[in-house]
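Peer 1: This one is my_file10.cif, mmCIF, C-alpha atoms.
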data_structure
loop_
_atom_site.label_atom_id
_atom_site.label_comp_id
_atom_site.auth_asym_id
_atom_site.auth_seq_id
_atom_site.Cartn_x
_atom_site.Cartn_y
_atom_site.Cartn_z
CA MET A 1 -84.20 62.62 -76.27
CA LYS A 2 -81.97 65.32 -74.80
CA LYS A 3 -79.61 65.21 -77.77
CA GLN A 4 -82.58 65.88 -80.05
CA PHE A 5 -82.91 69.36 -78.60
CA LYS A 6 -79.28 70.13 -77.87
CA ASN A 7 -78.45 71.86 -81.14
CA LEU A 8 -80.93 74.71 -81.44
CA LYS A 9 -79.37 76.87 -84.11
CA ALA A 10 -81.64 75.54 -86.83
CA THR A 11 -84.68 75.93 -84.58
CA VAL A 12 -84.07 79.54 -83.65
CA LEU A 13 -83.11 80.78 -87.11
CA MET A 14 -86.78 81.53 -87.73
CA THR A 15 -86.82 83.65 -84.60
CA SER A 16 -84.00 85.68 -86.10
CA ALA A 17 -86.14 86.28 -89.17
CA LEU A 18 -88.99 87.47 -86.94
CA VAL A 19 -86.69 89.80 -85.09
CA LEU A 20 -85.55 91.39 -88.33
CA GLY A 21 -89.17 91.75 -89.43
CA SER A 22 -88.86 89.89 -92.73
CA TYR A 23 -88.19 86.42 -94.16
CA SER A 24 -85.66 85.39 -96.74
CA SER A 25 -86.96 83.54 -99.77
CA LEU A 26 -85.28 80.39 -98.45
CA SER A 27 -86.87 80.51 -95.00
CA MET A 28 -90.23 81.22 -96.58
CA ALA A 29 -89.85 78.16 -98.83
CA GLN A 30 -88.94 75.99 -95.88
CA SER A 31 -91.55 77.32 -93.49
CA SER A 32 -94.37 77.16 -96.01
CA MET A 33 -94.24 73.39 -95.64
CA GLN A 34 -95.21 73.44 -91.95
CA VAL A 35 -98.95 73.35 -92.72
CA GLN A 36 -100.05 71.07 -95.54
CA CYS A 37 -103.83 71.00 -95.18
CA PRO A 38 -105.82 71.03 -98.46
CA GLY A 39 -106.90 74.54 -99.39
CA TYR A 40 -104.76 76.08 -96.68
CA LYS A 41 -104.03 79.78 -97.13
CA PRO A 42 -101.58 81.36 -94.70
CA ALA A 43 -102.72 84.42 -92.83
CA LYS A 44 -100.89 87.70 -93.12
CA THR A 45 -97.50 87.48 -91.43
CA LYS A 46 -97.34 89.14 -88.00
CA LEU A 47 -94.30 91.19 -87.05
CA LEU A 48 -92.75 92.08 -83.71
CA SER A 49 -93.04 95.56 -82.33
CA GLU A 50 -89.90 97.61 -82.78
CA ARG A 51 -89.16 97.74 -79.05
CA THR A 52 -89.48 93.99 -78.46
CA GLY A 53 -87.78 93.25 -81.75
CA LYS A 54 -84.65 95.13 -80.74
CA LYS A 55 -84.43 93.29 -77.40
CA LEU A 56 -85.01 89.95 -79.04
CA ASN A 57 -82.39 90.73 -81.63
CA LYS A 58 -79.89 91.53 -78.90
CA ALA A 59 -80.62 88.19 -77.20
CA PHE A 60 -80.26 86.38 -80.50
CA GLU A 61 -76.89 88.03 -81.16
CA ALA A 62 -75.68 86.81 -77.75
CA TYR A 63 -76.89 83.30 -78.49
CA ASN A 64 -75.22 83.37 -81.90
CA GLN A 65 -71.92 84.08 -80.12
CA ASP A 66 -72.52 80.97 -77.94
CA LEU A 67 -73.44 83.17 -74.97
CA THR A 68 -76.56 81.15 -74.26
CA LYS A 69 -76.84 82.00 -70.56
CA GLU A 70 -76.49 85.71 -71.33
CA ALA A 71 -79.14 85.40 -74.04
CA ILE A 72 -81.50 83.74 -71.55
CA GLU A 73 -80.97 86.51 -69.02
CA LEU A 74 -81.76 89.13 -71.66
CA LEU A 75 -84.98 87.31 -72.54
CA TYR A 76 -86.01 87.08 -68.87
CA GLU A 77 -85.81 90.87 -68.69
CA ILE A 78 -88.20 91.51 -71.60
CA GLU A 79 -91.64 92.66 -70.45
CA ALA A 80 -93.74 92.34 -73.58
CA LYS A 81 -97.43 93.21 -73.26
CA ASP A 82 -98.54 92.59 -76.83
CA PRO A 83 -99.69 88.91 -77.12
CA PHE A 84 -97.66 88.29 -80.26
CA ASP A 85 -94.55 89.87 -78.74
CA ARG A 86 -95.02 87.90 -75.53
CA ALA A 87 -95.49 84.60 -77.39
CA SER A 88 -92.40 85.27 -79.51
CA VAL A 89 -90.28 85.92 -76.43
CA ASP A 90 -91.64 82.83 -74.68
CA ARG A 91 -90.95 80.75 -77.76
CA PHE A 92 -87.32 81.84 -78.01
CA LEU A 93 -86.79 81.54 -74.25
CA GLY A 94 -88.31 78.07 -74.14
CA GLN A 95 -86.13 76.89 -77.00
CA LEU A 96 -82.97 78.11 -75.30
CA LEU A 97 -83.88 76.66 -71.90
CA ILE A 98 -84.22 73.18 -73.38
CA SER A 99 -80.44 72.95 -73.73
CA GLU A 100 -79.80 74.02 -70.14
CA ASP A 101 -79.40 71.34 -67.46
CA GLY A 102 -82.38 71.11 -65.16
CA LYS A 103 -84.41 73.65 -67.16
CA ARG A 104 -86.51 71.42 -69.37
CA ALA A 105 -89.66 71.66 -67.24
CA GLU A 106 -89.37 75.45 -67.25
CA ALA A 107 -88.74 75.37 -71.01
CA LYS A 108 -91.93 73.38 -71.50
CA ASP A 109 -93.91 75.95 -69.50
CA TYR A 110 -92.71 78.81 -71.70
CA LEU A 111 -93.34 76.88 -74.91
CA GLU A 112 -96.82 75.86 -73.79
CA ARG A 113 -97.64 79.46 -72.98
CA ALA A 114 -96.35 80.54 -76.40
CA VAL A 115 -98.43 78.00 -78.26
CA LYS A 116 -101.66 78.12 -76.25
CA THR A 117 -102.32 81.73 -77.13
CA LYS A 118 -102.37 80.78 -80.83
CA VAL A 119 -101.04 84.17 -81.91
CA LEU A 120 -97.78 83.12 -83.55
CA ASN A 121 -97.54 82.80 -87.30
CA ASP A 122 -98.69 79.33 -88.38
CA ASN A 123 -95.24 78.22 -89.44
CA ASP A 124 -93.90 79.06 -85.99
CA HIS A 125 -96.92 77.70 -84.13
CA ALA A 126 -96.92 74.30 -85.85
CA PRO A 127 -93.49 72.96 -84.77
CA LEU A 128 -94.08 74.15 -81.20
CA LEU A 129 -97.11 71.85 -80.92
CA LYS A 130 -94.86 68.90 -81.70
CA LEU A 131 -92.01 70.17 -79.54
CA VAL A 132 -94.25 70.48 -76.47
CA GLY A 133 -95.48 66.96 -77.15
CA ASP A 134 -91.87 65.74 -77.26
CA LEU A 135 -91.11 67.41 -73.93
CA GLU A 136 -94.20 65.90 -72.29
CA TYR A 137 -93.22 62.51 -73.70
CA GLU A 138 -89.71 62.87 -72.34
CA ALA A 139 -91.14 63.75 -68.92
CA GLY A 140 -93.27 60.58 -68.94
CA ASN A 141 -96.56 62.44 -69.33
CA TYR A 142 -97.64 60.13 -72.11
CA GLU A 143 -101.33 60.92 -72.32
CA VAL A 144 -100.63 64.66 -72.38
CA ALA A 145 -97.90 64.13 -74.97
CA MET A 146 -100.27 62.26 -77.26
CA SER A 147 -102.80 65.09 -77.05
CA TRP A 148 -100.11 67.50 -78.28
CA PHE A 149 -99.11 65.15 -81.09
CA ASP A 150 -102.75 64.99 -82.14
CA LYS A 151 -102.96 68.79 -82.10
CA TRP A 152 -99.88 68.99 -84.31
CA MET A 153 -101.28 66.50 -86.82
CA ASP A 154 -104.70 68.18 -86.85
CA PHE A 155 -103.19 71.62 -87.35
CA THR A 156 -100.62 70.72 -90.02
CA CYS A 157 -102.34 67.76 -91.74
CA LYS A 158 -98.90 66.13 -91.53
CA GLU A 159 -97.79 62.77 -90.12
CA ASP A 160 -94.44 61.24 -89.44
CA GLY A 161 -93.28 57.80 -88.39
CA LEU A 162 -91.29 58.93 -85.35
CA THR A 163 -94.33 60.62 -83.84
CA TYR A 164 -96.44 57.51 -84.33
CA LEU A 165 -93.62 55.48 -82.80
CA LYS A 166 -93.78 57.69 -79.69
CA ILE A 167 -97.55 57.27 -79.56
CA ALA A 168 -97.20 53.48 -79.74
CA LYS A 169 -94.53 53.57 -77.02
CA SER A 170 -96.80 55.78 -74.89
CA TYR A 171 -99.53 53.13 -75.01
CA ILE A 172 -96.96 50.53 -73.97
CA GLU A 173 -95.96 52.67 -70.98
CA MET A 174 -99.62 53.21 -70.09
CA LYS A 175 -100.24 49.42 -70.27
CA GLN A 176 -102.86 49.92 -72.97
CA MET A 177 -101.45 47.12 -75.09
CA GLU A 178 -104.40 46.77 -77.44
CA LYS A 179 -103.93 50.38 -78.65
CA VAL A 180 -100.28 49.90 -79.65
CA ILE A 181 -100.79 48.18 -83.00
CA GLU A 182 -102.44 50.97 -85.00
CA PRO A 183 -99.81 53.70 -84.38
CA ALA A 184 -97.02 51.12 -84.70
CA ASP A 185 -98.36 50.12 -88.12
CA LYS A 186 -98.50 53.78 -89.16
CA ALA A 187 -94.93 54.25 -87.99
CA ILE A 188 -93.86 51.26 -90.08
CA ALA A 189 -95.66 52.63 -93.13
CA LEU A 190 -94.12 56.10 -92.81
CA MET A 191 -90.54 55.41 -91.74
CA ASP A 192 -87.97 55.24 -94.50
CA PRO A 193 -85.57 53.67 -93.84
CA PRO A 194 -87.52 51.32 -91.57
CA LYS A 195 -86.80 51.15 -87.85
CA GLU A 196 -86.88 48.05 -85.68
CA GLY A 197 -88.57 49.83 -82.77
CA ALA A 198 -92.07 49.78 -84.27
CA TYR A 199 -91.86 46.02 -84.91
CA SER A 200 -90.59 45.46 -81.37
CA LEU A 201 -93.51 47.39 -79.91
CA LYS A 202 -95.98 45.26 -81.87
CA VAL A 203 -94.31 42.09 -80.62
CA GLN A 204 -94.44 43.38 -77.04
CA SER A 205 -98.12 44.24 -77.38
CA TYR A 206 -98.99 40.79 -78.69
CA TYR A 207 -96.75 39.03 -76.16
CA GLU A 208 -98.31 40.82 -73.19
CA ARG A 209 -101.73 39.73 -74.47
CA LYS A 210 -100.50 36.16 -75.07
CA MET A 211 -101.18 36.51 -78.80
CA TYR A 212 -98.09 34.50 -79.69
CA ASN A 213 -99.01 33.60 -83.26
CA GLU A 214 -99.63 37.27 -84.10
CA ALA A 215 -96.26 38.13 -82.55
CA ILE A 216 -94.65 35.44 -84.71
CA ASP A 217 -96.21 36.96 -87.84
CA VAL A 218 -94.61 40.32 -86.97
CA MET A 219 -91.20 38.75 -86.37
CA GLU A 220 -91.33 36.70 -89.56
CA THR A 221 -91.84 39.99 -91.41
CA ALA A 222 -89.15 41.80 -89.43
CA ILE A 223 -86.54 39.13 -90.13
CA HIS A 224 -86.89 39.84 -93.86
CA VAL A 225 -86.86 43.62 -93.38
CA PHE A 226 -83.78 43.47 -91.09
CA PRO A 227 -81.87 40.38 -92.27
CA ASP A 228 -78.60 41.56 -90.71
CA SER A 229 -80.04 42.32 -87.28
CA ASP A 230 -79.06 40.02 -84.41
CA THR A 231 -82.41 40.64 -82.70
CA TRP A 232 -85.00 38.79 -84.69
CA TYR A 233 -83.54 35.31 -85.18
CA THR A 234 -83.28 34.45 -81.50
CA ARG A 235 -86.54 36.20 -80.59
CA LEU A 236 -88.40 34.33 -83.30
CA GLY A 237 -86.76 31.13 -82.16
CA LEU A 238 -87.98 31.67 -78.61
CA PHE A 239 -91.53 32.33 -79.79
CA TYR A 240 -91.47 29.18 -81.91
CA GLN A 241 -90.39 27.40 -78.73
CA ILE A 242 -93.24 28.94 -76.72
CA THR A 243 -95.70 27.66 -79.32
CA GLU A 244 -93.98 24.23 -79.38
CA GLN A 245 -92.73 24.59 -82.94
CA TYR A 246 -89.42 23.09 -81.93
CA GLN A 247 -87.98 22.36 -85.37
CA LYS A 248 -88.55 25.96 -86.46
CA ALA A 249 -87.12 27.19 -83.17
CA LEU A 250 -83.97 25.15 -83.70
CA ALA A 251 -83.65 26.41 -87.28
CA MET A 252 -83.73 30.02 -86.08
CA PHE A 253 -81.12 29.37 -83.40
CA GLU A 254 -78.90 27.59 -85.92
CA LEU A 255 -79.09 30.63 -88.20
CA SER A 256 -78.25 32.89 -85.25
CA TYR A 257 -75.32 30.69 -84.27
CA MET A 258 -73.88 30.57 -87.78
CA GLN A 259 -74.01 34.37 -88.01
CA GLY A 260 -72.41 34.89 -84.62
CA PHE A 261 -75.56 36.38 -83.09
CA LEU A 262 -75.53 34.13 -80.00
CA THR A 263 -73.32 35.90 -77.49
CA THR A 264 -74.50 34.94 -73.99
CA ALA A 265 -74.35 31.78 -71.90
CA THR A 266 -78.15 31.73 -71.68
CA GLN A 267 -78.56 31.86 -75.46
CA HIS A 268 -76.14 28.97 -75.98
CA LYS A 269 -77.89 26.88 -73.33
CA GLN A 270 -81.24 27.59 -74.99
CA PHE A 271 -79.70 26.48 -78.28
CA ALA A 272 -78.47 23.25 -76.68
CA GLN A 273 -81.88 22.63 -75.12
CA LEU A 274 -83.50 22.87 -78.56
CA TYR A 275 -81.11 20.23 -79.91
CA ALA A 276 -82.11 17.99 -77.01
CA VAL A 277 -85.84 18.57 -77.54
CA ASN A 278 -85.42 17.76 -81.23
CA GLY A 279 -83.75 14.44 -80.44
CA ILE A 280 -80.16 15.49 -81.24
CA PRO A 281 -78.54 15.13 -77.79
CA HIS A 282 -74.96 14.80 -79.06
CA LYS A 283 -75.22 18.32 -80.55
CA ALA A 284 -76.71 19.61 -77.29
CA ALA A 285 -73.69 18.24 -75.43
CA GLU A 286 -71.29 19.62 -78.03
CA ILE A 287 -72.61 23.19 -77.74
CA VAL A 288 -72.48 23.36 -73.94
CA GLU A 289 -69.16 21.52 -73.75
CA LYS A 290 -67.56 23.88 -76.27
CA HIS A 291 -68.62 27.00 -74.42
CA ILE A 292 -67.74 25.63 -70.99
CA LYS A 293 -64.23 25.18 -72.37
CA SER A 294 -64.26 28.72 -73.80
CA GLY A 295 -65.31 30.12 -70.43
CA LEU A 296 -68.57 31.62 -71.69
CA ILE A 297 -70.71 29.06 -69.83
CA PRO A 298 -69.73 28.63 -66.15
CA ARG A 299 -68.09 25.32 -65.23
CA ASP A 300 -70.55 24.58 -62.44
CA LYS A 301 -72.51 21.56 -61.27
CA ASP A 302 -75.64 22.30 -63.29
CA ASN A 303 -73.88 22.93 -66.60
CA LEU A 304 -71.56 19.93 -66.24
CA SER A 305 -74.59 17.78 -65.38
CA SER A 306 -76.35 19.13 -68.47
CA VAL A 307 -73.50 17.93 -70.69
CA ALA A 308 -73.47 14.58 -68.90
CA ASN A 309 -77.22 14.06 -69.35
CA SER A 310 -77.03 14.92 -73.06
CA LEU A 311 -74.15 12.47 -73.51
CA TYR A 312 -76.14 9.82 -71.65
CA GLN A 313 -79.11 10.40 -74.01
CA ALA A 314 -76.65 10.11 -76.92
CA ARG A 315 -75.47 6.77 -75.38
CA GLU A 316 -71.93 8.07 -74.99
CA PHE A 317 -71.71 6.47 -71.56
CA LYS A 318 -67.96 6.69 -70.98
CA LYS A 319 -67.85 10.40 -71.74
CA ALA A 320 -71.05 11.00 -69.76
CA ALA A 321 -69.37 9.36 -66.77
CA VAL A 322 -66.49 11.82 -66.98
CA TYR A 323 -68.86 14.79 -66.83
CA PHE A 324 -70.99 13.30 -64.03
CA GLY A 325 -67.76 12.83 -62.07
CA GLU A 326 -66.70 16.44 -62.67
CA ALA A 327 -70.16 17.69 -61.70
CA ALA A 328 -70.06 15.57 -58.51
CA LYS A 329 -66.66 16.97 -57.56
CA VAL A 330 -67.53 20.60 -58.32
CA GLY A 331 -70.92 20.38 -56.61
CA ASN A 332 -69.88 18.03 -53.79
CA ASP A 333 -72.89 15.90 -54.72
CA PRO A 334 -72.61 12.17 -53.90
CA ASP A 335 -75.62 11.24 -55.99
CA LEU A 336 -73.82 12.47 -59.11
CA TYR A 337 -71.13 9.91 -58.28
CA ARG A 338 -73.95 7.34 -58.36
CA ARG A 339 -74.89 8.60 -61.83
CA GLN A 340 -71.23 8.33 -62.82
CA GLY A 341 -71.18 4.76 -61.58
CA SER A 342 -74.28 3.92 -63.59
CA MET A 343 -72.69 5.33 -66.75
CA LEU A 344 -69.54 3.26 -66.16
CA LEU A 345 -71.65 0.15 -65.65
CA SER A 346 -73.32 0.81 -69.02
CA ALA A 347 -69.87 1.31 -70.57
CA GLY A 348 -68.62 -1.99 -69.10
CA ASP A 349 -66.03 -0.30 -66.88
CA TYR A 350 -66.90 -2.23 -63.71
CA LYS A 351 -63.78 -1.34 -61.78
CA GLY A 352 -64.39 2.38 -62.41
CA ALA A 353 -68.03 1.87 -61.50
CA VAL A 354 -67.11 0.40 -58.09
CA GLU A 355 -64.81 3.33 -57.39
CA ALA A 356 -67.49 5.90 -58.28
CA LEU A 357 -70.25 4.02 -56.41
CA ASN A 358 -68.18 3.82 -53.24
CA LYS A 359 -67.83 7.61 -53.38
CA ALA A 360 -71.59 7.78 -53.81
CA LEU A 361 -72.12 6.07 -50.44
CA VAL A 362 -70.62 9.02 -48.55
CA ASN A 363 -73.31 11.28 -47.09
CA ASN A 364 -75.97 9.88 -49.42
CA ALA A 365 -78.48 8.20 -47.10
CA GLU A 366 -81.34 9.15 -49.42
CA ASN A 367 -80.04 7.02 -52.27
CA GLU A 368 -77.96 4.45 -50.36
CA GLY A 369 -80.17 1.54 -51.44
CA LYS A 370 -79.79 2.43 -55.13
CA VAL A 371 -76.00 2.60 -54.73
CA HIS A 372 -75.80 -0.85 -53.09
CA TYR A 373 -78.01 -2.27 -55.81
CA ALA A 374 -75.71 -0.87 -58.52
CA LEU A 375 -72.72 -2.32 -56.66
CA ILE A 376 -74.25 -5.81 -56.97
CA GLU A 377 -73.88 -5.66 -60.74
CA ALA A 378 -70.45 -4.03 -60.69
CA HIS A 379 -68.95 -6.61 -58.32
CA PHE A 380 -70.72 -9.50 -60.04
CA TYR A 381 -69.23 -8.72 -63.46
CA LEU A 382 -65.82 -8.19 -61.89
CA GLY A 383 -66.15 -11.76 -60.59
CA ASP A 384 -66.09 -10.62 -56.98
CA TYR A 385 -69.07 -12.70 -55.86
CA LYS A 386 -68.46 -12.21 -52.15
CA ALA A 387 -68.66 -8.42 -52.60
CA ALA A 388 -71.69 -8.85 -54.86
CA MET A 389 -73.47 -10.92 -52.20
CA LEU A 390 -72.58 -8.39 -49.51
CA ALA A 391 -74.02 -5.58 -51.67
CA ALA A 392 -77.17 -7.64 -52.33
CA ASN A 393 -77.73 -8.27 -48.63
CA LYS A 394 -77.32 -4.55 -47.91
CA ALA A 395 -79.58 -3.57 -50.81
CA LYS A 396 -82.42 -5.84 -49.72
CA THR A 397 -82.72 -3.96 -46.43
CA PHE A 398 -84.29 -1.13 -48.45
CA ARG A 399 -87.95 -1.87 -49.10
CA ALA A 400 -88.16 -0.16 -52.51
CA ILE A 401 -85.52 -2.47 -54.05
CA ARG A 402 -85.81 -5.54 -51.81
CA LYS A 403 -87.48 -7.73 -54.42
CA ASN A 404 -84.89 -6.92 -57.11
CA ALA A 405 -81.99 -7.45 -54.68
CA ASP A 406 -83.39 -10.82 -53.59
CA ALA A 407 -83.55 -11.88 -57.24
CA TRP A 408 -79.78 -11.44 -57.54
CA ILE A 409 -78.90 -13.68 -54.57
CA PRO A 410 -79.57 -17.12 -56.11
CA TYR A 411 -77.97 -16.00 -59.34
CA ILE A 412 -74.80 -14.93 -57.46
CA GLN A 413 -74.77 -18.18 -55.46
CA THR A 414 -75.10 -20.32 -58.60
CA LYS A 415 -72.35 -18.44 -60.41
CA ALA A 416 -70.02 -18.69 -57.40
CA THR A 417 -70.66 -22.45 -57.02
CA ASN A 418 -69.95 -23.01 -60.70
CA LYS A 419 -66.66 -21.17 -60.26
CA GLY A 420 -65.81 -23.12 -57.13
CA ILE A 421 -65.97 -20.02 -54.97
CA ARG A 422 -67.37 -20.23 -51.43
CA ILE A 423 -69.40 -17.15 -50.39
#
Just give me the structure as structure tokens.

Peer 2:
Amino acid sequence: MKKQFKNLKATVLMTSALVLGSYSSLSMAQSSMQVQCPGYKPAKTKLLSERTGKKLNKAFEAYNQDLTKEAIELLYEIEAKDPFDRASVDRFLGQLLISEDGKRAEAKDYLERAVKTKVLNDNDHAPLLKLVGDLEYEAGNYEVAMSWFDKWMDFTCKEDGLTYLKIAKSYIEMKQMEKVIEPADKAIALMDPPKEGAYSLKVQSYYERKMYNEAIDVMETAIHVFPDSDTWYTRLGLFYQITEQYQKALAMFELSYMQGFLTTATQHKQFAQLYAVNGIPHKAAEIVEKHIKSGLIPRDKDNLSSVANSLYQAREFKKAAVYFGEAAKVGNDPDLYRRQGSMLLSAGDYKGAVEALNKALVNNAENEGKVHYALIEAHFYLGDYKAAMLAANKAKTFRAIRKNADAWIPYIQTKATNKGIRI
């Protein structure tokens, strides 16, 4: 907002014309557009008194030489009694103070005083109404700002998209979400080229009121208006996800990914999650694995486990075991070694399963029974029936799996007898 007011030369050129007591044909043509009400007839132009005009002209000459502080000091010294003179001085002073650090509140006071008297020529009065509104908006006085914007529109019979955008944003800041839509729609209708801000405010309004389908309608429009923006694809994808339209959500994230719009670890993990939800776990694993290797996604226990779980769902047991093992090591989590052992059992790597399951017994009292039960199968298929029986006897001491462990014992005994092995 500050940059909007920084360059004041264009703004104060009209003051120069007032100081000189006449307008050029160009300034008249430009200023005549300030008020556009039907049937409007401008009043006779007011002029400064000679005394005030000379002082104002001196201040303007200083400003025109980039001596802004000196110009301000000259304006402070002017004691104008005539209402029009006083308002003209206040107007010029307020405009100059805007560009000075820490002076914006004081600038607003001068500009308000200039405009409240309603003695300036209409073409000077009109832009001040809007300018005061902008300053109130910048200061966070949103309700006051909107009242000034309304005064400007009523006085000039003009509208513009940026003003309506500020009104919509003011309602957002005031938590009056239901009032955002109308000014946002007017901003959209008036802004050329279109701006994303008005669409975003509508989405925020609907989101805060849990009107997700309405928010989706706005985003589906915005994605066509701003096809090259990286904002709308992922946002629309997330809203499809909220409303459980998972195929559409995945489609939006795929479009974002192909265009390089996914840039954060969170976005890539959301993308992977959508592959998983849509029954494509191998793609979920591929996305997270790729960006762990690139360094974008942290190589921590949770992310490694995520890859492992997706590979398990994709029935890639051997590769899942590798990731469960890495996650167990990084996170010092013995139960992930148990998961690794289970994957190796499924892959038929019984020797590797025994190694992983033995690691899973360390500091894992909570799941010790499950580990011993898994060891029954691993030892059995390795042909180590003594170890299988030992694991079965240990497993049956845990109530939750006692019945299943007992079922293995006669099977192990029979197999050992058939092999001529005493256990």

Peer 1: For atom CA of Val89 of chain A and atom CA of Ser147 of chain A, quote the distance in Å rounded to one decimal.

Peer 2: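 Straight-line distance from atom CA of Val89 of chain A to atom CA of Ser147 of chain A works out to 24.3 Å.
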
Peer 1: Name the residues, using the chain letters and numbers of the file, that sit within 12 Å of (-96.2, 80.3, -74.0) when counting all atoms listed in the file, and give them as an mmCIF file with C-alpha atoms, in the coordinates of the input.

Peer 2:
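Wrote selection.cif, looks like this:
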data_model
loop_
_atom_site.group_PDB
_atom_site.id
_atom_site.type_symbol
_atom_site.label_atom_id
_atom_site.label_comp_id
_atom_site.auth_asym_id
_atom_site.auth_seq_id
_atom_site.Cartn_x
_atom_site.Cartn_y
_atom_site.Cartn_z
ATOM 1 C CA PRO A 83 -99.690 88.910 -77.120
ATOM 2 C CA PHE A 84 -97.660 88.290 -80.260
ATOM 3 C CA ASP A 85 -94.550 89.870 -78.740
ATOM 4 C CA ARG A 86 -95.020 87.900 -75.530
ATOM 5 C CA ALA A 87 -95.490 84.600 -77.390
ATOM 6 C CA SER A 88 -92.400 85.270 -79.510
ATOM 7 C CA VAL A 89 -90.280 85.920 -76.430
ATOM 8 C CA ASP A 90 -91.640 82.830 -74.680
ATOM 9 C CA ARG A 91 -90.950 80.750 -77.760
ATOM 10 C CA PHE A 92 -87.320 81.840 -78.010
ATOM 11 C CA LEU A 93 -86.790 81.540 -74.250
ATOM 12 C CA GLY A 94 -88.310 78.070 -74.140
ATOM 13 C CA GLN A 95 -86.130 76.890 -77.000
ATOM 14 C CA GLU A 106 -89.370 75.450 -67.250
ATOM 15 C CA ALA A 107 -88.740 75.370 -71.010
ATOM 16 C CA LYS A 108 -91.930 73.380 -71.500
ATOM 17 C CA ASP A 109 -93.910 75.950 -69.500
ATOM 18 C CA TYR A 110 -92.710 78.810 -71.700
ATOM 19 C CA LEU A 111 -93.340 76.880 -74.910
ATOM 20 C CA GLU A 112 -96.820 75.860 -73.790
ATOM 21 C CA ARG A 113 -97.640 79.460 -72.980
ATOM 22 C CA ALA A 114 -96.350 80.540 -76.400
ATOM 23 C CA VAL A 115 -98.430 78.000 -78.260
ATOM 24 C CA LYS A 116 -101.660 78.120 -76.250
ATOM 25 C CA THR A 117 -102.320 81.730 -77.130
ATOM 26 C CA LYS A 118 -102.370 80.780 -80.830
ATOM 27 C CA VAL A 119 -101.040 84.170 -81.910
ATOM 28 C CA LEU A 120 -97.780 83.120 -83.550
ATOM 29 C CA HIS A 125 -96.920 77.700 -84.130
ATOM 30 C CA LEU A 128 -94.080 74.150 -81.200
ATOM 31 C CA LEU A 129 -97.110 71.850 -80.920
ATOM 32 C CA VAL A 132 -94.250 70.480 -76.470
#

Peer 1: Just give me the residues with any atom within 12 Å of (-69.8, -5.8, -60.0), file coordinates, counting all atoms listed in the file, written as a PyMOL selection string.

Peer 2: chain A and resi 341-342+344-346+348-355+357-358+371-392+408+412

Peer 1: Could you save the residues just selected, with C-alpha atoms, as a PDB file, in the coordinates of the input?

Peer 2:
ATOM      1  CA  GLY A 341     -71.180   4.760 -61.580  1.00  0.00           C
ATOM      2  CA  SER A 342     -74.280   3.920 -63.590  1.00  0.00           C
ATOM      3  CA  LEU A 344     -69.540   3.260 -66.160  1.00  0.00           C
ATOM      4  CA  LEU A 345     -71.650   0.150 -65.650  1.00  0.00           C
ATOM      5  CA  SER A 346     -73.320   0.810 -69.020  1.00  0.00           C
ATOM      6  CA  GLY A 348     -68.620  -1.990 -69.100  1.00  0.00           C
ATOM      7  CA  ASP A 349     -66.030  -0.300 -66.880  1.00  0.00           C
ATOM      8  CA  TYR A 350     -66.900  -2.230 -63.710  1.00  0.00           C
ATOM      9  CA  LYS A 351     -63.780  -1.340 -61.780  1.00  0.00           C
ATOM     10  CA  GLY A 352     -64.390   2.380 -62.410  1.00  0.00           C
ATOM     11  CA  ALA A 353     -68.030   1.870 -61.500  1.00  0.00           C
ATOM     12  CA  VAL A 354     -67.110   0.400 -58.090  1.00  0.00           C
ATOM     13  CA  GLU A 355     -64.810   3.330 -57.390  1.00  0.00           C
ATOM     14  CA  LEU A 357     -70.250   4.020 -56.410  1.00  0.00           C
ATOM     15  CA  ASN A 358     -68.180   3.820 -53.240  1.00  0.00           C
ATOM     16  CA  VAL A 371     -76.000   2.600 -54.730  1.00  0.00           C
ATOM     17  CA  HIS A 372     -75.800  -0.850 -53.090  1.00  0.00           C
ATOM     18  CA  TYR A 373     -78.010  -2.270 -55.810  1.00  0.00           C
ATOM     19  CA  ALA A 374     -75.710  -0.870 -58.520  1.00  0.00           C
ATOM     20  CA  LEU A 375     -72.720  -2.320 -56.660  1.00  0.00           C
ATOM     21  CA  ILE A 376     -74.250  -5.810 -56.970  1.00  0.00           C
ATOM     22  CA  GLU A 377     -73.880  -5.660 -60.740  1.00  0.00           C
ATOM     23  CA  ALA A 378     -70.450  -4.030 -60.690  1.00  0.00           C
ATOM     24  CA  HIS A 379     -68.950  -6.610 -58.320  1.00  0.00           C
ATOM     25  CA  PHE A 380     -70.720  -9.500 -60.040  1.00  0.00           C
ATOM     26  CA  TYR A 381     -69.230  -8.720 -63.460  1.00  0.00           C
ATOM     27  CA  LEU A 382     -65.820  -8.190 -61.890  1.00  0.00           C
ATOM     28  CA  GLY A 383     -66.150 -11.760 -60.590  1.00  0.00           C
ATOM     29  CA  ASP A 384     -66.090 -10.620 -56.980  1.00  0.00           C
ATOM     30  CA  TYR A 385     -69.070 -12.700 -55.860  1.00  0.00           C
ATOM     31  CA  LYS A 386     -68.460 -12.210 -52.150  1.00  0.00           C
ATOM     32  CA  ALA A 387     -68.660  -8.420 -52.600  1.00  0.00           C
ATOM     33  CA  ALA A 388     -71.690  -8.850 -54.860  1.00  0.00           C
ATOM     34  CA  MET A 389     -73.470 -10.920 -52.200  1.00  0.00           C
ATOM     35  CA  LEU A 390     -72.580  -8.390 -49.510  1.00  0.00           C
ATOM     36  CA  ALA A 391     -74.020  -5.580 -51.670  1.00  0.00           C
ATOM     37  CA  ALA A 392     -77.170  -7.640 -52.330  1.00  0.00           C
ATOM     38  CA  TRP A 408     -79.780 -11.440 -57.540  1.00  0.00           C
ATOM     39  CA  ILE A 412     -74.800 -14.930 -57.460  1.00  0.00           C
TER      40      ILE A 412
END
